[in-house]
>>> print(open('input-v4.tsv').read())   # TSV, C-alpha atoms
chain	number	residue	atom	x	y	z
I	1	MET	CA	-53.49	6.45	-145.42
I	2	ASN	CA	-55.20	6.83	-142.08
I	3	LEU	CA	-52.48	8.89	-140.57
I	4	GLU	CA	-52.34	11.03	-143.67
I	5	PHE	CA	-56.09	11.47	-143.52
I	6	ASP	CA	-56.17	12.32	-139.83
I	7	GLN	CA	-53.32	14.78	-140.05
I	8	GLY	CA	-54.83	16.36	-143.14
I	9	LEU	CA	-58.18	16.66	-141.44
I	10	ALA	CA	-56.67	18.26	-138.36
I	11	SER	CA	-54.65	20.72	-140.40
I	12	CYS	CA	-57.66	21.70	-142.52
I	13	LEU	CA	-59.87	22.33	-139.53
I	14	PRO	CA	-59.06	26.05	-139.12
I	15	ARG	CA	-59.70	26.66	-142.81
I	16	LEU	CA	-62.92	24.70	-142.68
I	17	ARG	CA	-64.10	26.78	-139.75
I	18	ARG	CA	-63.28	29.92	-141.65
I	19	PHE	CA	-65.21	28.68	-144.67
I	20	ALA	CA	-68.12	27.82	-142.38
I	21	HIS	CA	-68.07	31.37	-141.03
I	22	GLY	CA	-68.11	32.68	-144.58
I	23	LEU	CA	-71.20	30.65	-145.40
I	24	SER	CA	-73.17	30.85	-142.17
I	25	ARG	CA	-75.29	33.58	-140.68
I	26	ASP	CA	-73.68	33.38	-137.24
I	27	ALA	CA	-70.84	31.76	-135.35
I	28	ALA	CA	-73.05	29.12	-133.75
I	29	ASP	CA	-74.28	27.97	-137.15
I	30	ALA	CA	-70.71	27.99	-138.40
I	31	ASP	CA	-69.57	25.71	-135.59
I	32	ASP	CA	-72.52	23.39	-136.16
I	33	LEU	CA	-71.61	23.21	-139.82
I	34	THR	CA	-67.98	22.53	-138.97
I	35	GLN	CA	-68.95	19.75	-136.64
I	36	LEU	CA	-71.31	18.16	-139.15
I	37	THR	CA	-68.57	18.30	-141.74
I	38	MET	CA	-66.05	16.64	-139.46
I	39	GLU	CA	-68.50	13.90	-138.63
I	40	ARG	CA	-69.38	13.32	-142.25
I	41	ALA	CA	-65.73	13.30	-143.24
I	42	LEU	CA	-64.83	10.76	-140.57
I	43	ARG	CA	-67.71	8.53	-141.57
I	44	SER	CA	-66.91	8.80	-145.27
I	45	ARG	CA	-63.14	8.61	-144.95
I	46	ASP	CA	-63.00	5.52	-147.15
I	47	GLN	CA	-64.42	7.54	-150.03
I	48	TRP	CA	-61.49	9.93	-150.07
I	49	GLN	CA	-58.99	8.80	-152.69
I	50	VAL	CA	-55.36	8.91	-151.73
I	51	GLY	CA	-53.47	11.22	-154.04
I	52	THR	CA	-56.39	13.61	-154.48
I	53	ARG	CA	-56.64	16.84	-152.57
I	54	LEU	CA	-58.09	16.31	-149.14
I	55	ASP	CA	-58.86	20.00	-148.64
I	56	SER	CA	-61.04	20.17	-151.76
I	57	TRP	CA	-62.82	17.00	-150.67
I	58	LEU	CA	-63.52	18.44	-147.22
I	59	PHE	CA	-64.63	21.81	-148.55
I	60	ARG	CA	-67.00	20.05	-150.92
I	61	ILE	CA	-68.52	18.10	-148.04
I	62	MET	CA	-69.03	21.29	-146.09
I	63	ARG	CA	-70.49	23.10	-149.04
I	64	ASN	CA	-72.99	20.32	-149.74
I	65	LEU	CA	-74.03	20.12	-146.10
I	66	TRP	CA	-74.51	23.87	-146.09
I	67	ILE	CA	-76.76	23.65	-149.18
I	68	ASP	CA	-78.82	20.91	-147.53
I	69	THR	CA	-79.19	22.96	-144.37
I	70	ALA	CA	-80.10	26.08	-146.28
I	71	ARG	CA	-82.78	24.20	-148.22
I	72	ALA	CA	-84.26	22.78	-145.05
I	73	ARG	CA	-84.29	26.25	-143.56
I	74	GLN	CA	-86.06	27.69	-146.59
I	75	ARG	CA	-88.72	25.03	-146.32
I	76	ALA	CA	-89.15	25.83	-142.66
I	77	ALA	CA	-89.29	29.56	-143.35
I	78	LYS	CA	-92.29	29.07	-145.59
I	79	VAL	CA	-94.40	27.75	-142.75
I	80	GLU	CA	-93.01	29.97	-140.02
I	81	ALA	CA	-93.41	33.66	-139.42
I	82	PRO	CA	-91.09	35.64	-141.69
I	83	PRO	CA	-87.81	36.56	-140.02
I	84	GLU	CA	-87.14	40.13	-139.13
I	85	ALA	CA	-86.13	42.39	-141.95
I	86	GLY	CA	-82.64	41.74	-143.19
I	87	LEU	CA	-79.74	42.97	-141.17
I	88	ASN	CA	-78.97	46.55	-141.80
I	89	VAL	CA	-75.46	46.68	-143.04
I	90	GLY	CA	-74.71	50.35	-143.04
I	91	HIS	CA	-71.89	52.44	-144.23
I	92	ASP	CA	-68.70	51.97	-142.30
I	93	PRO	CA	-67.13	55.35	-141.55
I	94	ARG	CA	-63.79	53.58	-141.12
I	95	ALA	CA	-63.90	52.31	-144.68
I	96	ALA	CA	-60.78	54.06	-145.72
I	97	THR	CA	-58.67	52.75	-142.85
I	98	ASP	CA	-56.56	49.61	-142.92
I	99	ALA	CA	-58.30	48.01	-139.97
I	100	ALA	CA	-59.80	44.62	-140.66
I	101	ILE	CA	-63.55	44.70	-141.01
I	102	ASP	CA	-65.48	43.37	-138.07
I	103	LEU	CA	-66.32	39.70	-138.58
I	104	GLY	CA	-69.94	40.12	-137.56
I	105	ARG	CA	-70.47	42.78	-140.19
I	106	VAL	CA	-68.80	40.69	-142.84
I	107	MET	CA	-70.95	37.68	-142.00
I	108	ALA	CA	-74.10	39.80	-142.08
I	109	ALA	CA	-73.10	41.21	-145.45
I	110	MET	CA	-72.14	37.79	-146.83
I	111	GLU	CA	-75.56	36.55	-145.84
I	112	GLN	CA	-77.15	39.11	-148.13
I	113	LEU	CA	-75.39	37.58	-151.12
I	114	PRO	CA	-77.05	34.80	-153.08
I	115	GLY	CA	-75.59	31.48	-151.99
I	116	GLU	CA	-73.90	30.86	-155.32
I	117	GLN	CA	-71.97	34.11	-154.99
I	118	ARG	CA	-71.27	33.67	-151.30
I	119	GLU	CA	-69.57	30.30	-151.73
I	120	VAL	CA	-67.36	31.55	-154.55
I	121	VAL	CA	-66.34	34.65	-152.58
I	122	ALA	CA	-65.59	32.52	-149.53
I	123	LEU	CA	-63.53	30.01	-151.48
I	124	ILE	CA	-61.52	32.45	-153.58
I	125	LEU	CA	-61.26	35.75	-151.73
I	126	ILE	CA	-61.23	34.37	-148.21
I	127	ASP	CA	-59.60	30.97	-148.56
I	128	GLY	CA	-57.45	31.61	-151.60
I	129	PHE	CA	-58.52	28.77	-153.88
I	130	GLY	CA	-57.87	29.34	-157.57
I	131	TYR	CA	-60.68	29.77	-160.10
I	132	ARG	CA	-60.03	26.39	-161.68
I	133	GLU	CA	-59.94	24.63	-158.32
I	134	VAL	CA	-63.28	26.18	-157.43
I	135	ALA	CA	-64.74	25.23	-160.81
I	136	GLU	CA	-63.79	21.62	-160.10
I	137	LEU	CA	-64.91	21.76	-156.51
I	138	LEU	CA	-68.34	23.13	-157.42
I	139	ASP	CA	-68.53	21.29	-160.72
I	140	ILE	CA	-69.32	24.41	-162.73
I	141	PRO	CA	-67.56	26.05	-165.71
I	142	ILE	CA	-64.69	28.39	-164.90
I	143	GLY	CA	-66.50	31.26	-166.66
I	144	THR	CA	-69.37	30.83	-164.21
I	145	VAL	CA	-66.94	31.00	-161.29
I	146	SER	CA	-65.50	34.19	-162.69
I	147	SER	CA	-68.87	35.91	-163.22
I	148	ARG	CA	-70.25	34.86	-159.83
I	149	LEU	CA	-67.12	36.13	-158.16
I	150	LEU	CA	-67.39	39.44	-159.97
I	151	ARG	CA	-71.00	39.95	-158.90
I	152	GLY	CA	-70.31	38.73	-155.38
I	153	ARG	CA	-67.28	40.85	-154.63
I	154	THR	CA	-68.87	43.98	-156.11
I	155	ALA	CA	-72.07	43.51	-154.10
I	156	LEU	CA	-70.14	42.73	-150.94
I	157	MET	CA	-68.05	45.83	-151.26
I	158	LYS	CA	-71.19	47.90	-151.64
I	159	LEU	CA	-72.87	46.21	-148.67
I	160	LEU	CA	-69.85	46.97	-146.53
I	161	GLY	CA	-69.85	50.58	-147.65
I	162	GLU	CA	-66.47	50.35	-149.31
I	163	GLU	CA	-67.44	51.55	-152.70
P	1	MET	CA	-61.17	45.23	-171.00
P	2	THR	CA	-63.96	43.23	-169.43
P	3	ASP	CA	-64.46	43.26	-165.66
P	4	GLU	CA	-63.89	39.49	-165.64
P	5	LYS	CA	-60.49	39.94	-167.22
P	6	PHE	CA	-59.59	42.78	-164.89
P	7	PHE	CA	-60.40	40.70	-161.81
P	8	ALA	CA	-58.77	37.57	-163.20
P	9	TRP	CA	-55.63	39.65	-163.52
P	10	LEU	CA	-56.07	41.05	-160.02
P	11	ASP	CA	-56.50	37.53	-158.64
P	12	GLY	CA	-53.40	36.25	-160.43
P	13	GLU	CA	-55.43	34.00	-162.73
P	14	LEU	CA	-54.17	35.20	-166.10
P	15	PRO	CA	-51.34	33.57	-168.04
P	16	ALA	CA	-48.11	35.58	-167.92
P	17	GLN	CA	-48.43	37.30	-171.26
P	18	GLU	CA	-52.03	38.36	-170.82
P	19	ALA	CA	-51.26	39.49	-167.30
P	20	ALA	CA	-48.47	41.70	-168.58
P	21	GLU	CA	-50.84	43.29	-171.09
P	22	VAL	CA	-53.43	44.06	-168.42
P	23	GLU	CA	-50.72	45.34	-166.13
P	24	THR	CA	-49.65	47.83	-168.76
P	25	ALA	CA	-53.23	48.92	-169.43
P	26	VAL	CA	-53.94	49.43	-165.73
P	27	ALA	CA	-50.73	51.38	-165.21
P	28	ALA	CA	-51.76	53.72	-168.00
P	29	ASP	CA	-55.26	54.34	-166.64
P	30	PRO	CA	-55.53	56.11	-163.26
P	31	ALA	CA	-59.17	55.06	-162.83
P	32	LEU	CA	-58.29	51.38	-163.36
P	33	ALA	CA	-55.26	51.69	-161.13
P	34	ALA	CA	-57.39	53.15	-158.36
P	35	LYS	CA	-59.94	50.39	-158.82
P	36	ALA	CA	-57.22	47.77	-158.59
P	37	GLU	CA	-55.86	49.31	-155.43
P	38	GLN	CA	-59.30	49.59	-153.88
P	39	HIS	CA	-60.12	45.94	-154.55
P	40	ARG	CA	-56.73	44.73	-153.39
P	41	ALA	CA	-57.13	46.54	-150.11
P	42	PHE	CA	-60.67	45.28	-149.75
P	43	ALA	CA	-59.60	41.66	-150.30
P	44	VAL	CA	-56.93	42.00	-147.63
P	45	ARG	CA	-59.36	43.46	-145.13
P	46	LEU	CA	-62.09	40.97	-145.97
P	47	LYS	CA	-59.75	38.08	-145.37
P	48	GLY	CA	-58.43	39.81	-142.27
P	49	ALA	CA	-61.92	39.85	-140.78
P	50	PHE	CA	-61.70	36.06	-140.52
P	51	ASP	CA	-58.31	36.01	-138.80
P	52	PRO	CA	-59.88	35.71	-135.35
P	53	VAL	CA	-61.56	32.48	-136.49
P	54	MET	CA	-58.24	31.07	-137.64
P	55	ALA	CA	-56.54	32.09	-134.42
P	56	GLN	CA	-59.09	30.48	-132.13
P	57	PRO	CA	-58.47	26.98	-130.87
P	58	ALA	CA	-61.08	24.48	-131.93
P	59	PRO	CA	-64.18	25.41	-129.96
P	60	ALA	CA	-66.04	23.22	-127.55
P	61	LEU	CA	-68.56	22.25	-130.14
P	62	PRO	CA	-72.17	22.67	-129.14
P	63	SER	CA	-73.14	19.05	-129.15
P	64	ALA	CA	-71.35	15.78	-128.74
P	65	LYS	CA	-68.48	14.89	-130.98
P	66	ILE	CA	-66.93	11.50	-131.01
P	67	ILE	CA	-63.26	10.83	-131.07
P	68	ASP	CA	-62.89	7.18	-131.78
P	69	PHE	CA	-59.39	5.81	-131.80
P	70	THR	CA	-60.28	2.18	-131.72
P	71	ALA	CA	-60.80	1.49	-135.39
P	72	ALA	CA	-57.54	3.14	-136.39
P	73	ARG	CA	-55.65	1.28	-133.70
P	74	GLU	CA	-57.07	-2.06	-134.76
P	75	ARG	CA	-56.07	-1.47	-138.35
P	76	ARG	CA	-52.58	-0.51	-137.36
P	77	ARG	CA	-52.17	-3.53	-135.15
P	78	ALA	CA	-53.32	-5.77	-137.94
P	79	TRP	CA	-50.31	-5.06	-140.11
P	80	LEU	CA	-47.65	-4.56	-137.47
P	81	PRO	CA	-45.19	-7.45	-137.34
P	82	ALA	CA	-45.38	-9.19	-133.99
P	83	ARG	CA	-41.86	-8.23	-132.96
P	84	ALA	CA	-42.60	-4.58	-133.50
P	85	GLN	CA	-45.57	-4.63	-131.18
P	86	TRP	CA	-43.69	-4.02	-127.98
P	87	ALA	CA	-42.17	-0.90	-129.52
P	88	ALA	CA	-45.55	0.21	-130.75
P	89	LEU	CA	-46.97	-0.34	-127.32
P	90	ALA	CA	-44.28	1.79	-125.76
P	91	ALA	CA	-44.81	4.52	-128.32
P	92	THR	CA	-48.53	4.28	-127.85
P	93	LEU	CA	-48.17	4.77	-124.13
P	94	THR	CA	-46.09	7.87	-124.55
P	95	VAL	CA	-48.32	9.43	-127.18
P	96	GLY	CA	-51.36	8.26	-125.27
P	97	LEU	CA	-50.28	10.13	-122.19
P	98	LEU	CA	-49.66	13.21	-124.23
P	99	THR	CA	-52.88	13.17	-126.21
P	100	THR	CA	-54.93	12.26	-123.18
P	101	SER	CA	-53.61	15.17	-121.22
P	102	LEU	CA	-54.27	17.43	-124.19
P	103	PHE	CA	-57.83	16.24	-124.47
P	104	PHE	CA	-58.58	16.55	-120.85
P	105	GLU	CA	-56.69	19.64	-119.88
P	106	ARG	CA	-57.53	21.75	-122.88
P	107	GLY	CA	-60.67	20.10	-124.14
P	108	VAL	CA	-59.16	19.94	-127.58
P	109	ILE	CA	-61.57	18.54	-130.10
P	110	SER	CA	-59.61	16.82	-132.72
P	111	HIS	CA	-59.20	13.45	-134.23
P	112	ARG	CA	-56.00	11.58	-133.59
P	113	ASP	CA	-54.74	8.36	-134.90
P	114	GLN	CA	-53.52	7.39	-131.46
P	115	PRO	CA	-55.16	5.64	-128.61
P	116	GLY	CA	-55.34	7.46	-125.31
P	117	ILE	CA	-54.24	5.87	-122.07
P	118	ALA	CA	-55.81	7.62	-119.13
P	119	SER	CA	-53.38	9.43	-116.90
P	120	GLY	CA	-53.43	11.73	-113.91
P	121	ALA	CA	-56.76	12.51	-112.33
P	122	LEU	CA	-58.71	10.50	-114.85
P	123	ARG	CA	-56.68	7.37	-114.22
P	124	ALA	CA	-57.03	7.87	-110.48
P	125	ALA	CA	-60.78	8.30	-110.80
P	126	LEU	CA	-61.13	5.22	-113.00
P	127	ASP	CA	-58.98	3.19	-110.63
P	128	THR	CA	-60.53	4.20	-107.38
P	129	GLN	CA	-63.87	5.93	-107.64
P	130	LEU	CA	-67.13	4.12	-107.35
P	131	ALA	CA	-70.23	5.27	-109.18
P	132	SER	CA	-72.16	4.55	-106.03
P	133	ALA	CA	-69.90	6.77	-103.92
P	134	PRO	CA	-68.59	9.75	-105.89
P	135	ALA	CA	-65.41	11.20	-104.45
P	136	THR	CA	-65.92	14.64	-103.02
P	137	GLY	CA	-63.76	17.25	-104.62
P	138	SER	CA	-63.05	15.25	-107.74
P	139	PRO	CA	-64.20	16.90	-110.97
P	140	ILE	CA	-64.65	13.45	-112.45
P	141	ARG	CA	-67.66	11.24	-111.95
P	142	ILE	CA	-67.94	7.63	-112.91
P	143	GLY	CA	-71.10	6.62	-114.72
P	144	LEU	CA	-71.56	2.99	-115.55
P	145	THR	CA	-69.19	0.14	-114.96
P	146	PHE	CA	-69.66	-2.91	-117.16
P	147	ARG	CA	-67.90	-5.75	-118.87
P	148	ASP	CA	-67.68	-5.44	-122.65
P	149	LYS	CA	-68.05	-8.24	-125.15
P	150	SER	CA	-64.31	-8.92	-125.17
P	151	GLY	CA	-64.39	-9.37	-121.40
P	152	ALA	CA	-62.66	-6.09	-120.51
P	153	MET	CA	-63.98	-3.97	-117.68
P	154	CYS	CA	-65.20	-0.62	-118.97
P	155	ARG	CA	-66.29	2.52	-117.21
P	156	SER	CA	-67.97	5.63	-118.53
P	157	PHE	CA	-66.90	8.88	-117.01
P	158	ILE	CA	-67.97	12.49	-117.11
P	159	GLN	CA	-66.11	15.63	-116.23
P	160	PRO	CA	-66.71	19.26	-117.04
P	161	GLY	CA	-66.70	19.56	-120.80
P	162	THR	CA	-66.18	15.94	-121.73
P	163	THR	CA	-67.64	12.54	-121.25
P	164	GLY	CA	-66.23	9.27	-122.48
P	165	LEU	CA	-65.58	5.61	-122.13
P	166	ALA	CA	-62.47	3.82	-120.92
P	167	CYS	CA	-61.76	0.10	-120.82
P	168	HIS	CA	-59.16	-1.63	-118.71
P	169	GLU	CA	-56.31	-3.19	-120.64
P	170	PRO	CA	-52.83	-4.36	-119.70
P	171	GLY	CA	-51.43	-0.88	-120.44
P	172	GLY	CA	-53.96	0.85	-118.21
P	173	TRP	CA	-57.31	2.48	-118.86
P	174	HIS	CA	-57.66	2.79	-122.57
P	175	VAL	CA	-59.86	5.76	-123.42
P	176	SER	CA	-61.61	4.60	-126.55
P	177	SER	CA	-63.98	7.49	-127.07
P	178	VAL	CA	-64.35	11.04	-125.87
P	179	PHE	CA	-67.33	13.27	-126.45
P	180	ALA	CA	-67.38	16.98	-125.89
P	181	THR	CA	-70.43	17.98	-123.93
P	182	ALA	CA	-72.31	21.23	-124.23
P	183	GLY	CA	-71.26	23.67	-121.51
P	184	ALA	CA	-69.29	22.52	-118.52
P	185	PRO	CA	-71.57	21.38	-115.76
P	186	ASP	CA	-71.05	23.32	-112.58
P	187	GLY	CA	-69.39	21.53	-109.75
P	188	SER	CA	-72.40	21.55	-107.50
P	189	SER	CA	-74.79	19.76	-109.80
P	190	ASP	CA	-74.97	16.02	-109.76
P	191	TYR	CA	-74.04	14.99	-113.25
P	192	ARG	CA	-73.40	11.41	-112.45
P	193	MET	CA	-74.94	9.30	-115.14
P	194	ALA	CA	-77.70	6.97	-114.06
P	195	ALA	CA	-77.68	5.74	-117.60
P	196	SER	CA	-76.02	8.33	-119.77
P	197	PRO	CA	-77.02	11.87	-120.69
P	198	ASP	CA	-75.25	11.64	-123.99
P	199	PRO	CA	-77.07	9.62	-126.63
P	200	ARG	CA	-73.87	8.72	-128.43
P	201	LEU	CA	-72.21	7.47	-125.33
P	202	ALA	CA	-75.36	5.52	-124.54
P	203	ALA	CA	-75.29	4.02	-128.03
P	204	LEU	CA	-71.65	3.13	-127.65
P	205	ILE	CA	-72.31	1.43	-124.33
P	206	ASP	CA	-75.26	-0.46	-125.81
P	207	GLU	CA	-73.00	-1.68	-128.56
P	208	ARG	CA	-70.22	-2.84	-126.27
P	209	ILE	CA	-71.90	-4.04	-123.12
P	210	ALA	CA	-72.17	-7.72	-122.36
P	211	GLY	CA	-75.03	-8.30	-119.95
P	212	ASP	CA	-75.98	-5.71	-117.36
P	213	PRO	CA	-73.89	-2.98	-115.81
P	214	LEU	CA	-72.35	-3.75	-112.45
P	215	ASP	CA	-74.35	-2.87	-109.38
P	216	ALA	CA	-72.69	-1.23	-106.40
P	217	PRO	CA	-71.44	-4.41	-104.65
P	218	ALA	CA	-70.16	-5.85	-107.93
P	219	GLU	CA	-68.40	-2.59	-108.73
P	220	ASP	CA	-66.73	-2.68	-105.32
P	221	ARG	CA	-65.58	-6.28	-105.89
P	222	ALA	CA	-64.25	-5.38	-109.35
P	223	ARG	CA	-62.20	-2.58	-107.84
P	224	ALA	CA	-60.79	-4.94	-105.24
P	225	ALA	CA	-59.84	-7.32	-108.06
P	226	GLY	CA	-57.95	-4.57	-109.90
P	227	TRP	CA	-60.56	-4.29	-112.64
P	228	HIS	CA	-59.63	-7.56	-114.27
>>> encode(input="input-v4.tsv", output="structure tokens")
Amino acid sequence: MNLEFDQGLASCLPRLRRFAHGLSRDAADADDLTQLTMERALRSRDQWQVGTRLDSWLFRIMRNLWIDTARARQRAAKVEAPPEAGLNVGHDPRAATDAAIDLGRVMAAMEQLPGEQREVVALILIDGFGYREVAELLDIPIGTVSSRLLRGRTALMKLLGEE
Amino acid sequence: MTDEKFFAWLDGELPAQEAAEVETAVAADPALAAKAEQHRAFAVRLKGAFDPVMAQPAPALPSAKIIDFTAARERRRAWLPARAQWAALAATLTVGLLTTSLFFERGVISHRDQPGIASGALRAALDTQLASAPATGSPIRIGLTFRDKSGAMCRSFIQPGTTGLACHEPGGWHVSSVFATAGAPDGSSDYRMAASPDPRLAALIDERIAGDPLDAPAEDRARAAGWH
């Protein structure tokens, strides 16, 4: 089991980092989140049940840590000076080209989405999880996944000037 | 057709028959077809934006990260039949050399189910360098030398990008833990550890140490005795 766990963890690491980048406001936060997740996973390895999907288990850990961090940040924001006005995600004149969108712009746009939409977009559109898998991972009905995804992807497209 | 159904079709989430129905409807409606194409292309480009993240090697994470092989090794030893142990030891040595060189040459941050046996410059530093007299030109500094609770001689070390702990065993210096450090210290600064700059390494040493760390004369005598 240990070898299976370690190999699984190592092979999920790139995907976890990508998920972290989808959730976080910048690359430094994403790497912090990845590290926290790895630490938590290693400490909690006995709680992973052999035969269940390790990737879903790891993504769930990351998602929960992200929620905790976001809550702490919101609490802090209430007593600190308000951050600068939201990032201006303007229209991309290259919208019609096939070039990949710049990661920084995508992260800035993702950050404008409500968290519940952001996580669903990151899991389904970026990582490729299925609706049902995400419903189980987030413990919400599949219809909720579907409607959050719809709102999230539409808003994101607009934010990135692709509509 | 609802938007939910349209996107479920686009995402390949509909059962075959329903999917075929939507497919037909979309094909017959230029506006829907254009919308499908637009969203498909967007999904590809959105995902593509994250490709650089996937392509990067694991980063030197901003604060310490532990790689602890010891627990896994102990568990494996516990169930290995005695006669298989020599083979396991040989395999361990080979893999240990490989993983150690990976860790130290590339600063790879990953978790392996293999112990690392120090090799190359690290082994040389652990064998010969004294904390009290750092070797000039060596990127590796020795921190504390101490005997752990099992009686093995252990030494903490630091080099640009990583710090860790190695204990002397029959197979060589067994690197039990490696921590990535924030930013590589520049060669000119003195990053020798009086105690330890890394709280996790300090905690690990606290947990393992029996008595006090060796002072300079004792360290010199331990070296002369081959670290036994």
>>> atom_distance(input="input-v4.tsv", atom1="CA of Ile67 (chain I)", atom2="CA of Ile140 (chain I)")
15.5 Å
>>> residues_near_point(input="input-v4.tsv", point="(-65.7, 8.3, -119.1)", cutoff="9 Å", atoms="only C-alpha atoms", output="PyMOL selection string")
chain P and resi 122+126+140-144+154-159+162-166+175+177-178
>>> interface_residues(input="input-v4.tsv", of="chain I", to="chain P", cutoff="7 Å", atoms="all atoms listed in the file", output="VMD selection string")
chain I and resid 3 6 10 14 to 15 18 31 35 99 to 103 125 to 126 146 to 147 150
>>> write_last_selection(input="input-v4.tsv", atoms="C-alpha atoms", output="tab-separated table (two decimals), in the coordinates of the input")
chain	number	residue	atom	x	y	z
I	3	LEU	CA	-52.48	8.89	-140.57
I	6	ASP	CA	-56.17	12.32	-139.83
I	10	ALA	CA	-56.67	18.26	-138.36
I	14	PRO	CA	-59.06	26.05	-139.12
I	15	ARG	CA	-59.70	26.66	-142.81
I	18	ARG	CA	-63.28	29.92	-141.65
I	31	ASP	CA	-69.57	25.71	-135.59
I	35	GLN	CA	-68.95	19.75	-136.64
I	99	ALA	CA	-58.30	48.01	-139.97
I	100	ALA	CA	-59.80	44.62	-140.66
I	101	ILE	CA	-63.55	44.70	-141.01
I	102	ASP	CA	-65.48	43.37	-138.07
I	103	LEU	CA	-66.32	39.70	-138.58
I	125	LEU	CA	-61.26	35.75	-151.73
I	126	ILE	CA	-61.23	34.37	-148.21
I	146	SER	CA	-65.50	34.19	-162.69
I	147	SER	CA	-68.87	35.91	-163.22
I	150	LEU	CA	-67.39	39.44	-159.97
>>> atom_distance(input="input-v4.tsv", atom1="CA of Val134 (chain I)", atom2="CA of Ala72 (chain I)")
24.6 Å
>>> atom_distance(input="input-v4.tsv", atom1="CA of Gly161 (chain P)", atom2="CA of Leu130 (chain P)")
20.5 Å
>>> closest_residue(input="input-v4.tsv", among="I:Glu162, I:Leu23, I:Asp139, I:Ile61", to="Pro114 (chain I)", atoms="only C-alpha atoms")
I:Leu23
>>> closest_residue(input="input-v4.tsv", among="P:Glu18, P:Glu169, P:Glu23, P:Asp148", to="His228 (chain P)", atoms="only C-alpha atoms")
P:Glu169
>>> closest_residue(input="input-v4.tsv", among="P:Cys167, P:Ala133, P:Arg200, P:Ser138", to="Asp220 (chain P)", atoms="all atoms listed in the file")
P:Ala133
>>> build_atoms(input="input-v4.tsv", residues="region 35-51 of chain I", atoms="N, CA and C atoms", output="CSV table (one decimal), keeping the file's coordinate frame")
chain,number,residue,atom,x,y,z
I,35,GLN,N,-68.8,21.0,-137.3
I,35,GLN,CA,-69.0,19.8,-136.6
I,35,GLN,C,-69.6,18.7,-137.6
I,36,LEU,N,-70.7,19.1,-138.2
I,36,LEU,CA,-71.3,18.2,-139.2
I,36,LEU,C,-70.3,17.7,-140.2
I,37,THR,N,-69.5,18.6,-140.7
I,37,THR,CA,-68.6,18.3,-141.7
I,37,THR,C,-67.5,17.3,-141.2
I,38,MET,N,-67.0,17.5,-140.0
I,38,MET,CA,-66.0,16.6,-139.5
I,38,MET,C,-66.6,15.2,-139.3
I,39,GLU,N,-67.9,15.2,-138.8
I,39,GLU,CA,-68.5,13.9,-138.6
I,39,GLU,C,-68.7,13.2,-140.0
I,40,ARG,N,-69.2,13.9,-140.9
I,40,ARG,CA,-69.4,13.3,-142.2
I,40,ARG,C,-68.1,12.8,-142.9
I,41,ALA,N,-67.0,13.7,-142.7
I,41,ALA,CA,-65.7,13.3,-143.2
I,41,ALA,C,-65.2,12.0,-142.6
I,42,LEU,N,-65.3,11.9,-141.3
I,42,LEU,CA,-64.8,10.8,-140.6
I,42,LEU,C,-65.6,9.5,-141.0
I,43,ARG,N,-66.9,9.7,-141.2
I,43,ARG,CA,-67.7,8.5,-141.6
I,43,ARG,C,-67.4,8.1,-143.0
I,44,SER,N,-67.1,9.1,-143.8
I,44,SER,CA,-66.9,8.8,-145.3
I,44,SER,C,-65.4,8.7,-145.7
I,45,ARG,N,-64.6,8.5,-144.7
I,45,ARG,CA,-63.1,8.6,-145.0
I,45,ARG,C,-62.7,7.6,-146.0
I,46,ASP,N,-63.4,6.5,-146.1
I,46,ASP,CA,-63.0,5.5,-147.2
I,46,ASP,C,-63.3,6.0,-148.6
I,47,GLN,N,-64.1,7.0,-148.7
I,47,GLN,CA,-64.4,7.5,-150.0
I,47,GLN,C,-63.4,8.6,-150.5
I,48,TRP,N,-62.5,9.0,-149.6
I,48,TRP,CA,-61.5,9.9,-150.1
I,48,TRP,C,-60.4,9.1,-150.8
I,49,GLN,N,-60.0,9.5,-151.9
I,49,GLN,CA,-59.0,8.8,-152.7
I,49,GLN,C,-57.6,9.4,-152.4
I,50,VAL,N,-56.7,8.5,-152.0
I,50,VAL,CA,-55.4,8.9,-151.7
I,50,VAL,C,-54.8,9.5,-153.0
I,51,GLY,N,-54.1,10.6,-152.9
I,51,GLY,CA,-53.5,11.2,-154.0
I,51,GLY,C,-54.3,12.4,-154.5
